[in-house]
file start-v4.cif (mmCIF, C-alpha atoms)
data_query
#
loop_
_atom_site.label_atom_id
_atom_site.label_comp_id
_atom_site.auth_asym_id
_atom_site.auth_seq_id
_atom_site.Cartn_x
_atom_site.Cartn_y
_atom_site.Cartn_z
CA MET V 1 266.30 16.66 15.14
CA ARG V 2 266.29 14.02 17.86
CA PHE V 3 265.08 14.49 21.41
CA LEU V 4 266.15 11.66 23.73
CA GLY V 5 265.84 10.90 27.43
CA ASN V 6 263.57 12.09 30.19
CA ILE V 7 263.94 14.93 32.64
CA GLU V 8 261.95 15.70 35.77
CA ALA V 9 260.89 19.29 36.37
CA LYS V 10 258.44 21.46 38.28
CA LEU V 11 256.02 24.06 37.00
CA ASP V 12 255.86 27.40 38.77
CA VAL V 13 252.56 28.71 40.19
CA LYS V 14 251.71 30.38 36.87
CA GLY V 15 252.12 27.13 34.94
CA ARG V 16 255.49 27.99 33.42
CA ALA V 17 258.17 25.41 32.80
CA PHE V 18 261.82 25.56 31.82
CA LEU V 19 262.41 23.54 28.70
CA PRO V 20 265.31 21.27 29.71
CA ALA V 21 268.65 22.60 28.47
CA ILE V 22 269.45 19.45 26.52
CA PHE V 23 266.24 19.89 24.51
CA ARG V 24 266.86 23.64 24.04
CA LYS V 25 270.26 22.82 22.52
CA VAL V 26 268.63 20.47 20.00
CA LEU V 27 266.13 23.20 19.05
CA GLN V 28 268.86 25.80 18.67
CA ALA V 29 271.00 23.46 16.56
CA GLY V 30 267.99 22.95 14.29
CA GLY V 31 267.35 26.70 14.04
CA GLU V 32 263.92 26.35 15.67
CA GLU V 33 262.42 29.29 17.50
CA ARG V 34 258.78 28.35 17.92
CA LEU V 35 257.01 25.30 19.27
CA VAL V 36 253.49 23.97 18.85
CA LEU V 37 251.77 22.49 21.91
CA ARG V 38 248.98 19.95 21.58
CA LYS V 39 247.31 17.32 23.75
CA ASP V 40 248.37 13.89 22.53
CA VAL V 41 245.73 12.11 20.46
CA PHE V 42 246.08 8.80 22.34
CA GLN V 43 247.73 9.41 25.72
CA SER V 44 247.11 11.70 28.67
CA CYS V 45 250.12 13.93 27.96
CA LEU V 46 251.04 17.06 26.02
CA VAL V 47 253.26 17.09 22.96
CA LEU V 48 255.68 19.85 21.95
CA TYR V 49 256.43 19.94 18.23
CA PRO V 50 259.21 22.09 16.81
CA GLU V 51 257.43 24.28 14.26
CA SER V 52 259.08 22.57 11.27
CA VAL V 53 258.02 19.12 12.54
CA TRP V 54 254.46 20.39 13.11
CA ASN V 55 254.37 21.75 9.56
CA GLU V 56 255.51 18.37 8.19
CA GLN V 57 252.76 16.63 10.19
CA MET V 58 250.18 19.11 8.90
CA ASP V 59 251.28 18.59 5.29
CA MET V 60 251.16 14.81 5.69
CA LEU V 61 247.70 14.89 7.30
CA ARG V 62 246.32 17.33 4.74
CA ALA V 63 247.61 15.16 1.88
CA ARG V 64 245.67 12.17 3.26
CA LEU V 65 242.39 14.03 3.75
CA ASN V 66 239.75 15.08 1.25
CA ARG V 67 238.57 18.67 1.74
CA TRP V 68 235.17 17.67 0.41
CA ASN V 69 234.60 14.88 2.92
CA ARG V 70 232.73 16.19 5.95
CA GLN V 71 234.23 13.76 8.50
CA GLU V 72 237.77 14.21 7.22
CA GLN V 73 237.35 17.99 7.37
CA GLN V 74 236.17 17.67 10.98
CA VAL V 75 239.19 15.52 11.86
CA PHE V 76 241.53 18.09 10.33
CA ARG V 77 239.78 20.99 12.06
CA GLN V 78 239.95 19.33 15.45
CA PHE V 79 243.59 18.37 15.01
CA VAL V 80 244.77 21.84 13.98
CA SER V 81 242.51 23.99 16.15
CA GLU V 82 243.47 22.49 19.49
CA VAL V 83 247.02 23.86 19.50
CA GLU V 84 249.02 26.68 21.08
CA LEU V 85 251.99 28.38 19.44
CA LEU V 86 254.78 28.87 21.96
CA THR V 87 258.02 30.80 22.06
CA LEU V 88 260.56 30.34 24.81
CA ASP V 89 261.40 33.45 26.82
CA GLY V 90 265.00 34.56 27.35
CA ASN V 91 265.37 32.10 30.23
CA GLY V 92 264.07 29.11 28.26
CA ARG V 93 260.64 29.13 29.90
CA PHE V 94 257.22 28.75 28.34
CA LEU V 95 253.68 28.95 29.70
CA ILE V 96 251.41 25.92 29.58
CA PRO V 97 247.84 27.23 29.48
CA LYS V 98 245.61 25.95 32.29
CA ARG V 99 243.24 24.11 29.95
CA TYR V 100 246.15 21.98 28.71
CA LEU V 101 247.25 21.25 32.26
CA ARG V 102 243.72 20.04 33.01
CA MET V 103 243.53 17.94 29.83
CA ALA V 104 246.76 16.10 30.72
CA GLU V 105 246.03 15.99 34.48
CA ILE V 106 249.29 17.82 35.20
CA ASP V 107 249.93 19.55 38.50
CA GLN V 108 253.41 20.79 39.43
CA ASP V 109 255.62 17.74 38.95
CA VAL V 110 256.22 16.97 35.29
CA LYS V 111 258.46 14.78 33.20
CA PHE V 112 259.75 15.81 29.78
CA VAL V 113 260.21 12.77 27.56
CA GLY V 114 262.17 13.00 24.33
CA MET V 115 260.31 11.15 21.59
CA ASP V 116 262.63 11.52 18.60
CA ASP V 117 261.28 14.63 16.81
CA THR V 118 258.83 15.71 19.54
CA ILE V 119 258.84 16.18 23.31
CA GLU V 120 256.10 14.81 25.55
CA ILE V 121 255.14 16.50 28.82
CA TRP V 122 253.65 14.16 31.38
CA SER V 123 252.37 14.38 34.91
CA SER V 124 255.12 12.61 36.86
CA ARG V 125 252.65 10.15 38.34
CA LYS V 126 250.86 9.49 35.01
CA VAL V 127 254.01 8.65 33.06
CA GLU V 128 254.89 5.91 35.53
CA GLU V 129 251.40 4.40 35.15
CA GLN V 130 251.98 4.15 31.38
CA GLN V 131 255.33 2.36 31.60
CA MET V 132 255.49 -1.31 30.68
CA LYS V 133 256.99 -3.76 33.14
CA PRO V 134 260.62 -4.49 32.17
CA GLU V 135 259.83 -8.10 31.19
CA ASP V 136 256.83 -7.03 29.07
CA PHE V 137 258.92 -4.32 27.43
CA GLY V 138 261.68 -6.81 26.60
CA ASN V 139 259.19 -9.29 25.15
CA ALA V 140 257.45 -6.63 23.05
CA LEU V 141 260.75 -5.29 21.72
CA GLU V 142 261.91 -8.80 20.92
CA GLN V 143 258.72 -9.47 18.94
CA LEU V 144 259.01 -6.18 17.03
CA MET V 145 262.63 -6.75 16.13
CA MET V 146 262.08 -10.35 15.08
CA VAL V 147 259.33 -9.29 12.68
CA GLU V 148 261.72 -6.76 11.11
CA GLN V 149 264.33 -9.44 10.38
CA GLU V 150 261.98 -11.91 8.72
#

call {"tool": "encode", "arguments": {"input": "start-v4.cif", "output": "structure tokens"}}
result
Amino acid sequence: MRFLGNIEAKLDVKGRAFLPAIFRKVLQAGGEERLVLRKDVFQSCLVLYPESVWNEQMDMLRARLNRWNRQEQQVFRQFVSEVELLTLDGNGRFLIPKRYLRMAEIDQDVKFVGMDDTIEIWSSRKVEEQQMKPEDFGNALEQLMMVEQE
């Protein structure tokens, strides 16, 4: 499952959004019906995980953590408890709870960004603040790719 590209959208007054059609097609092709919504660990955005991808992430995290280590148990609890299970309605819409909108500083204008096996939801103004300058992006990509070839 690969989500690519970025699409601008608007939330309605209730905080509902249409999942872009191109992303809905990817979900349908993968047989996915439910999504998991979580605030990103590092960035000021929300992340939509297809349920199967979320389950893989959970399995991988659980395998790395010791149930008998207090801090690791707290990390796991915080990671898994701060989620919402979502199902798209017949029109391809879903509700973003208000607490998530506040966490990601999202108002009405949003941008959906395909991130391979997940979809990020950004405030339109925030996503632009996070973008690298073209020259910096080119330099960083060059350095990453050169390391791979060595």

call {"tool": "residues_around", "arguments": {"input": "start-v4.cif", "residues": "Leu88 (chain V)", "least_positions_apart": "4", "cutoff": "8 Å", "atoms": "all atoms listed in the file", "output": "list in words"}}
result
Glu33, Arg34, Gly92, Arg93 and Phe94 of chain V

call {"tool": "resolve_selection", "arguments": {"input": "start-v4.cif", "expression": "the PyMOL selection byres ((chain V and resi 105) around 9)", "output": "list in words"}}
result
Ser44, Cys45, Tyr100, Leu101, Arg102, Met103, Ala104, Ile106, Asp107, Trp122, Ser123 and Lys126 of chain V

call {"tool": "residues_around", "arguments": {"input": "start-v4.cif", "residues": "Asp116 (chain V)", "least_positions_apart": "6", "cutoff": "9 Å", "atoms": "only C-alpha atoms", "output": "mmCIF file with C-alpha atoms, in the frame of the given file"}}
result
data_model
loop_
_atom_site.group_PDB
_atom_site.id
_atom_site.type_symbol
_atom_site.label_atom_id
_atom_site.label_comp_id
_atom_site.auth_asym_id
_atom_site.auth_seq_id
_atom_site.Cartn_x
_atom_site.Cartn_y
_atom_site.Cartn_z
ATOM 1 C CA MET V 1 266.300 16.660 15.140
ATOM 2 C CA ARG V 2 266.290 14.020 17.860
ATOM 3 C CA PHE V 3 265.080 14.490 21.410
ATOM 4 C CA LEU V 4 266.150 11.660 23.730
#

call {"tool": "residues_around", "arguments": {"input": "start-v4.cif", "residues": "Pro20 (chain V)", "least_positions_apart": "6", "cutoff": "9 Å", "atoms": "only C-alpha atoms", "output": "MDAnalysis selection string"}}
result
chainID V and resid 7:9 92 112

call {"tool": "residues_around", "arguments": {"input": "start-v4.cif", "residues": "Val47 (chain V)", "least_positions_apart": "4", "cutoff": "10 Å", "atoms": "only C-alpha atoms", "output": "ChimeraX atom specification"}}
result
/V:35-41,43,83,112-115,118-122

call {"tool": "closest_residue", "arguments": {"input": "start-v4.cif", "among": "V:Arg16, V:Arg64, V:Arg125, V:Lys10", "to": "Pro97 (chain V)", "atoms": "only C-alpha atoms"}}
result
V:Arg16

call {"tool": "atom_distance", "arguments": {"input": "start-v4.cif", "atom1": "CA of Leu86 (chain V)", "atom2": "CA of Leu48 (chain V)"}}
result
9.1 Å

call {"tool": "atom_distance", "arguments": {"input": "start-v4.cif", "atom1": "CA of Ser52 (chain V)", "atom2": "CA of Ile96 (chain V)"}}
result
20.1 Å

call {"tool": "resolve_selection", "arguments": {"input": "start-v4.cif", "expression": "the PyMOL selection byres ((chain V and resi 76) around 12)", "output": "ChimeraX atom specification"}}
result
/V:57-75,77-82

call {"tool": "atom_distance", "arguments": {"input": "start-v4.cif", "atom1": "CA of Asp109 (chain V)", "atom2": "CA of Gly15 (chain V)"}}
result
10.8 Å

call {"tool": "closest_residue", "arguments": {"input": "start-v4.cif", "among": "V:Val13, V:Asn6, V:Asp117, V:Arg99", "to": "Glu56 (chain V)", "atoms": "all atoms listed in the file"}}
result
V:Asp117
